[in-house]
There are 2 protein chains.
Amino acid sequence: MPGREFFQTQPVSQALAGFRPRRRTGTETVRREDALGRVPAEPIRSGAELPGFARSTVDGYAVRAADTYGAGDGLPAYLDLVGSLRMGTAADVEIRPGAAVQIPTGAAVPDSADAVVMVEHTQVTMPGVIEVTKSVAVGDGVVRPDEDVALGKELVPAGRPLRAQDLGLLAAAGVTRLVVCAKPRVAIISTGDELVPPETAELSPGEVRDATASALVGLVEQAGGVPVSYGIVPDDVDLLTKTLTAAVAECDLVVVSAGSSVGARDETTAAVEALGAPGVYCHGLAIKPGKPTLLAECSDVPVIGLPGNPLSALVVFRMVGLPVLRLVGGITSPAPEPSVVATMARPIASAAGRLDVVQVSLRDGLATPLFGHSALLSLLTSADGYVVIPEPATGLDAGTPVTVTMYR
Amino acid sequence: MPGREFFQTQPVSQALAGFRPRRRTGTETVRREDALGRVPAEPIRSGAELPGFARSTVDGYAVRAADTYGAGDGLPAYLDLVGSLRMGTAADVEIRPGAAVQIPTGAAVPDSADAVVMVEHTQVTMPGVIEVTKSVAVGDGVVRPDEDVALGKELVPAGRPLRAQDLGLLAAAGVTRLVVCAKPRVAIISTGDELVPPETAELSPGEVRDATASALVGLVEQAGGVPVSYGIVPDDVDLLTKTLTAAVAECDLVVVSAGSSVGARDETTAAVEALGAPGVYCHGLAIKPGKPTLLAECSDVPVIGLPGNPLSALVVFRMVGLPVLRLVGGITSPAPEPSVVATMARPIASAAGRLDVVQVSLRDGLATPLFGHSALLSLLTSADGYVVIPEPATGLDAGTPVTVTMYR
């Protein structure tokens, strides 16, 4: 039997603050159509004003506002109707004092007009003349040429994954290509003599299909990374060192889900150390589940050794791996996570100084902790979300309001 | 000038409850690796027990629990060490009374053992014998063969988009392919004589690049649909009818972002009516922004006519279009949306009976409404999220706690 581990555990908050691997992805140019969720490397600024012309916001008549002053139901202003404007064309008509031109919503307002009267406040009582029954001020019914976006204004910031409406504004500004941070390539390595590929139809006694790698692929994709599978490596330091060397050369972040035995974890550490400086940052996080987590940096590539239980591995990857993935991939304003405020249905114990991540089901505003051994992956698929018990807390009483981060 | 519209507006909640187009996508079989976010058409059940064998949860010694009863630090139980077990192999050793076998975490426990003593509670003081200093009960340190998943148990439910951990459990159970609802094909049609493609480098006066279609593509993709672009159709009933006919034949949901003029909206209605029964469900929703929304069903395909302003169009598509997309695509348990509870920084007025969707920026728990004309798309890119003022409310005072749905 291999010797016991007595690693020093580090608080998760401290590890996340202190573990700052140098690796950053490069940049690449993508088409706007392919840019949903991509991360601009620099703020993108507008090369023109938007909408670029004075634009009517109502159906009505473009006028000189002064011609309507004092108009009301009892005393309409009478204006000469000098034509009508169409969508999508230049407003090449002159509005002399006392004149008006018909205009639809969204059309260009003539330079010589300074307001648009809504059709609801007009009447046509004789051909060629409109009655205006409500006065308008300068600018009423008009969007200024630079009111949506001024020349040079930031359309989207750097570091925030692009949302649907951001693509809309980029389209409006005629941006067809943009420079984004390359997606981090995330190596996924599974180790463990008990593991077989998920495609294995029949298991021999003692064999277990690799569940963690499939779930990590999903988490990496959702977070904007590119999962790169390195398959299952037996519990052997030399083989693991070889695979790790390839992964560090080819990827921006390496995740090893170690076999669950002490021996397998020792092998991950040994393989990381074989790769040289800067090496192990910490071995052991004050997190439950997930204590035997390893954080390391090989060359400039972060390497995260996850616990062997799939449940623990996935919890740790969410809490620790995703922040590192975002750091490497240039995401400074991550998309918000779904969460709800709920009431704890039952008390939960926790050790002070340790981050506890408790799987919960949620019904009618009540968060019920799902208890069971961390070897049970079904706890995670039954869960609607999780509650984090912060490091200083020693547990939560039933009835405590908590924030449940929801899985999606 | 075309005649005014005086459509009857319908409350959004009532429209969503009443507008139930019959269209549903078919099913298709996908590989598990391609199933993230896909929607199982039926619950997927396990064809075997998991883990499938009694599995040790600790590093230690497999024993007969009865042999440890009464053991303590002062009075250890002495057991014969009869070998050691390895990961991933059958536990083909017999534990006779008074015997123990060394076992790592995750390995198969022999049938003849009924508990595992943690190595921390043992000592090896002479070769071939261990001292057990703490008694164990039957089942301690062991996960039962069906404790994670029983035979026939539901692994994932129908109608809930698959999450990362669901892919993990499916992998553990050896599921390699699964039947899911086909992704809804969503036709996106833009109309408006003022619109030009976003690729247009230089605009002529009065022209506007089509922003709505690009943003809709993003929203459809995020919601699990397949956007199908039908480009920009001029404000012409015959052309629109032709495009709409093709879209209804080829897609599961049709979205028309109508030109913003009254005339363009009339044309959408006329085109929908040209396609025949069941036709228009309602024209006009009690929502701000977005009142001139059209809901219709052509054959069994839902058709949604969005307002002309990009901001209004995107708000309505979120509030009304996404629920319809989910209905068509078999999503009964949608992924939760990110939201936070915040305090309104300023009062907002609202009409009773109308759903108001207010864009807000969020800082330090304060939600500040972003005011400006709904023709300004930049309001939506500046926003962190939105606040919905429910139909019965007549506004919100400053200081009111509100739920902000966050954009991602």
# chains A, B, ... in the order shown; residues from 1 in each chain; ligands from 1
$ residues_around --residues "B:Ala393" --least-positions-apart "3" --cutoff "8 Å" --atoms "only C-alpha atoms" --output "list in words"
Ser350, Ala351, Ala352, Gly353, Ile389, Pro390 and Leu396 of chain B
$ residues_around --residues "B:Leu314" --least-positions-apart "3" --cutoff "8 Å" --atoms "only C-alpha atoms" --output "list in words"
Gln165 of chain A; Thr212, Ala215, Leu216, Pro310, Leu311, Phe317 and Arg318 of chain B
$ write_last_selection --atoms "N, CA, C and O atoms" --output "compact mmCIF listing (two decimals), in the first residue's frame"
# COMPACT_ATOMS: atom_id res chain seq x y z
N GLN A 165 -27.91 40.44 -28.73
CA GLN A 165 -28.14 41.83 -29.12
C GLN A 165 -26.85 42.53 -29.53
O GLN A 165 -26.88 43.48 -30.32
N THR B 212 -31.84 43.27 -36.73
CA THR B 212 -32.71 42.34 -36.02
C THR B 212 -32.40 40.89 -36.40
O THR B 212 -32.31 40.02 -35.53
N ALA B 215 -29.36 39.44 -34.63
CA ALA B 215 -29.61 39.17 -33.21
C ALA B 215 -30.55 37.98 -33.04
O ALA B 215 -30.36 37.16 -32.13
N LEU B 216 -31.54 37.87 -33.90
CA LEU B 216 -32.47 36.73 -33.81
C LEU B 216 -31.73 35.41 -34.02
O LEU B 216 -32.02 34.41 -33.36
N PRO B 310 -35.69 47.21 -33.85
CA PRO B 310 -34.91 46.06 -33.39
C PRO B 310 -35.07 45.80 -31.88
O PRO B 310 -35.25 44.67 -31.45
N LEU B 311 -35.03 46.87 -31.09
CA LEU B 311 -35.17 46.70 -29.64
C LEU B 311 -36.50 46.02 -29.32
O LEU B 311 -36.56 45.03 -28.60
N PHE B 317 -39.41 38.84 -29.08
CA PHE B 317 -39.00 37.47 -29.39
C PHE B 317 -38.61 36.72 -28.11
O PHE B 317 -38.93 35.55 -27.95
N ARG B 318 -37.94 37.41 -27.20
CA ARG B 318 -37.62 36.76 -25.92
C ARG B 318 -38.89 36.36 -25.15
O ARG B 318 -38.99 35.26 -24.62
$ closest_residue --among "B:Pro157, B:Gly152, B:Ser214, B:Gly168" --to "A:Ala35" --atoms "only C-alpha atoms"
B:Ser214
$ interface_residues --of "chain A" --to "chain B" --cutoff "6 Å" --atoms "only C-alpha atoms" --output "ChimeraX atom specification"
/A:87-90,104-105,108,148,163-168,171-172,174,193-194,198-199,205-207,209,211-212,214-215,218-219,261,335-339,376,378,381,408
$ select_by_dssp --residues "stretch 179-269 of chain A" --states "alpha helix (DSSP H)" --output "PyMOL selection string"
chain A and resi 212-222+237-250+262-269
$ write_last_selection --atoms "N, CA, C and O atoms" --output "compact mmCIF listing (two decimals), in the first residue's frame"
# COMPACT_ATOMS: atom_id res chain seq x y z
N THR A 212 -16.52 10.98 -16.23
CA THR A 212 -16.04 12.35 -15.99
C THR A 212 -15.67 13.05 -17.29
O THR A 212 -16.02 14.22 -17.50
N ALA A 213 -14.97 12.34 -18.17
CA ALA A 213 -14.50 13.00 -19.40
C ALA A 213 -15.67 13.51 -20.22
O ALA A 213 -15.63 14.63 -20.75
N SER A 214 -16.74 12.72 -20.33
CA SER A 214 -17.90 13.15 -21.13
C SER A 214 -18.55 14.40 -20.54
O SER A 214 -18.97 15.29 -21.28
N ALA A 215 -18.64 14.44 -19.22
CA ALA A 215 -19.24 15.61 -18.59
C ALA A 215 -18.32 16.83 -18.71
O ALA A 215 -18.78 17.95 -18.92
N LEU A 216 -17.01 16.61 -18.60
CA LEU A 216 -16.07 17.73 -18.73
C LEU A 216 -16.14 18.34 -20.13
O LEU A 216 -16.06 19.56 -20.29
N VAL A 217 -16.31 17.49 -21.14
CA VAL A 217 -16.47 18.00 -22.51
C VAL A 217 -17.62 19.01 -22.55
O VAL A 217 -17.50 20.10 -23.12
N GLY A 218 -18.73 18.64 -21.93
CA GLY A 218 -19.89 19.54 -21.91
C GLY A 218 -19.60 20.84 -21.19
O GLY A 218 -19.94 21.92 -21.66
N LEU A 219 -18.96 20.75 -20.03
CA LEU A 219 -18.66 21.97 -19.27
C LEU A 219 -17.69 22.88 -20.02
O LEU A 219 -17.84 24.10 -20.01
N VAL A 220 -16.72 22.29 -20.67
CA VAL A 220 -15.74 23.08 -21.43
C VAL A 220 -16.43 23.78 -22.59
O VAL A 220 -16.22 24.97 -22.84
N GLU A 221 -17.29 23.05 -23.30
CA GLU A 221 -18.00 23.66 -24.44
C GLU A 221 -18.89 24.81 -23.97
O GLU A 221 -18.91 25.89 -24.57
N GLN A 222 -19.63 24.57 -22.90
CA GLN A 222 -20.51 25.62 -22.39
C GLN A 222 -19.73 26.86 -21.99
O GLN A 222 -20.23 27.98 -22.09
N VAL A 237 3.16 6.18 -14.08
CA VAL A 237 3.75 7.52 -14.12
C VAL A 237 4.34 7.83 -15.49
O VAL A 237 4.17 8.93 -16.01
N ASP A 238 5.03 6.86 -16.09
CA ASP A 238 5.69 7.13 -17.38
C ASP A 238 4.67 7.41 -18.47
O ASP A 238 4.83 8.35 -19.26
N LEU A 239 3.62 6.59 -18.52
CA LEU A 239 2.58 6.81 -19.53
C LEU A 239 1.88 8.15 -19.31
O LEU A 239 1.61 8.90 -20.25
N LEU A 240 1.61 8.45 -18.05
CA LEU A 240 0.92 9.71 -17.75
C LEU A 240 1.83 10.90 -18.09
O LEU A 240 1.36 11.90 -18.64
N THR A 241 3.11 10.78 -17.79
CA THR A 241 4.06 11.86 -18.10
C THR A 241 4.10 12.11 -19.60
O THR A 241 4.13 13.26 -20.06
N LYS A 242 4.08 11.02 -20.37
CA LYS A 242 4.12 11.14 -21.82
C LYS A 242 2.86 11.87 -22.33
O LYS A 242 2.94 12.81 -23.14
N THR A 243 1.70 11.45 -21.84
CA THR A 243 0.45 12.07 -22.28
C THR A 243 0.39 13.53 -21.84
O THR A 243 -0.02 14.43 -22.60
N LEU A 244 0.84 13.78 -20.61
CA LEU A 244 0.81 15.14 -20.08
C LEU A 244 1.74 16.06 -20.89
O LEU A 244 1.41 17.21 -21.18
N THR A 245 2.88 15.53 -21.28
CA THR A 245 3.82 16.31 -22.08
C THR A 245 3.19 16.73 -23.41
O THR A 245 3.28 17.89 -23.84
N ALA A 246 2.50 15.78 -24.05
CA ALA A 246 1.82 16.09 -25.31
C ALA A 246 0.72 17.12 -25.08
O ALA A 246 0.58 18.10 -25.84
N ALA A 247 -0.05 16.94 -24.02
CA ALA A 247 -1.18 17.84 -23.76
C ALA A 247 -0.70 19.26 -23.48
O ALA A 247 -1.29 20.24 -23.96
N VAL A 248 0.36 19.40 -22.72
CA VAL A 248 0.90 20.72 -22.39
C VAL A 248 1.42 21.41 -23.65
O VAL A 248 1.30 22.63 -23.82
N ALA A 249 1.95 20.62 -24.57
CA ALA A 249 2.47 21.20 -25.82
C ALA A 249 1.33 21.65 -26.74
O ALA A 249 1.49 22.58 -27.51
N GLU A 250 0.19 20.98 -26.64
CA GLU A 250 -0.87 21.19 -27.63
C GLU A 250 -2.05 22.02 -27.13
O GLU A 250 -2.89 22.43 -27.92
N VAL A 262 -5.28 6.50 -3.88
CA VAL A 262 -4.16 7.36 -3.47
C VAL A 262 -3.02 7.21 -4.45
O VAL A 262 -2.38 8.19 -4.85
N GLY A 263 -2.77 5.99 -4.90
CA GLY A 263 -1.67 5.75 -5.82
C GLY A 263 -1.81 6.55 -7.10
O GLY A 263 -0.86 7.17 -7.58
N ALA A 264 -3.02 6.57 -7.65
CA ALA A 264 -3.25 7.30 -8.89
C ALA A 264 -2.98 8.78 -8.70
O ALA A 264 -2.43 9.45 -9.57
N ARG A 265 -3.38 9.30 -7.54
CA ARG A 265 -3.16 10.72 -7.30
C ARG A 265 -1.67 11.02 -7.18
O ARG A 265 -1.18 12.02 -7.68
N ASP A 266 -0.95 10.12 -6.54
CA ASP A 266 0.49 10.30 -6.44
C ASP A 266 1.11 10.35 -7.83
O ASP A 266 2.05 11.11 -8.09
N GLU A 267 0.57 9.53 -8.73
CA GLU A 267 1.14 9.48 -10.08
C GLU A 267 0.93 10.79 -10.83
O GLU A 267 1.80 11.22 -11.58
N THR A 268 -0.22 11.42 -10.63
CA THR A 268 -0.45 12.72 -11.28
C THR A 268 0.58 13.73 -10.80
O THR A 268 1.19 14.46 -11.59
N THR A 269 0.80 13.75 -9.50
CA THR A 269 1.79 14.66 -8.94
C THR A 269 3.17 14.38 -9.51
O THR A 269 3.90 15.30 -9.92
$ residues_around --residues "stretch 224-226 of chain B" --least-positions-apart "2" --cutoff "10 Å" --atoms "only C-alpha atoms" --output "PDB file with C-alpha atoms, in the first residue's frame"
ATOM      1  CA  GLY B  37     -28.356  20.835 -24.813  1.00  0.00           C
ATOM      2  CA  ARG B  38     -30.422  18.392 -26.867  1.00  0.00           C
ATOM      3  CA  VAL B  39     -33.866  17.420 -25.607  1.00  0.00           C
ATOM      4  CA  PRO B 161     -32.128  19.936 -22.344  1.00  0.00           C
ATOM      5  CA  ALA B 182     -35.195  17.560 -33.714  1.00  0.00           C
ATOM      6  CA  LYS B 183     -34.085  21.166 -33.381  1.00  0.00           C
ATOM      7  CA  PRO B 184     -36.817  23.541 -34.541  1.00  0.00           C
ATOM      8  CA  ARG B 185     -35.943  25.232 -37.815  1.00  0.00           C
ATOM      9  CA  VAL B 186     -36.737  28.909 -37.368  1.00  0.00           C
ATOM     10  CA  ALA B 187     -37.264  31.012 -40.479  1.00  0.00           C
ATOM     11  CA  VAL B 217     -29.982  34.199 -35.158  1.00  0.00           C
ATOM     12  CA  GLY B 218     -28.158  34.389 -31.847  1.00  0.00           C
ATOM     13  CA  LEU B 219     -31.317  34.049 -29.753  1.00  0.00           C
ATOM     14  CA  VAL B 220     -32.516  31.080 -31.802  1.00  0.00           C
ATOM     15  CA  GLU B 221     -29.158  29.306 -31.475  1.00  0.00           C
ATOM     16  CA  GLN B 222     -28.999  29.901 -27.729  1.00  0.00           C
ATOM     17  CA  VAL B 228     -32.761  29.721 -41.372  1.00  0.00           C
ATOM     18  CA  SER B 229     -32.279  33.083 -43.028  1.00  0.00           C
ATOM     19  CA  CYS B 251     -39.498  25.479 -41.206  1.00  0.00           C
ATOM     20  CA  ASP B 252     -41.129  24.778 -37.848  1.00  0.00           C
ATOM     21  CA  LEU B 253     -41.521  28.404 -36.776  1.00  0.00           C
ATOM     22  CA  LEU B 322     -38.861  31.689 -27.181  1.00  0.00           C
ATOM     23  CA  LEU B 325     -39.862  27.785 -29.936  1.00  0.00           C
ATOM     24  CA  ARG B 326     -39.628  25.598 -26.821  1.00  0.00           C
ATOM     25  CA  VAL B 328     -42.441  23.298 -30.880  1.00  0.00           C
ATOM     26  CA  GLY B 329     -39.088  21.756 -29.918  1.00  0.00           C
ATOM     27  CA  ILE B 331     -38.691  21.545 -24.234  1.00  0.00           C
TER      28      ILE B 331
END
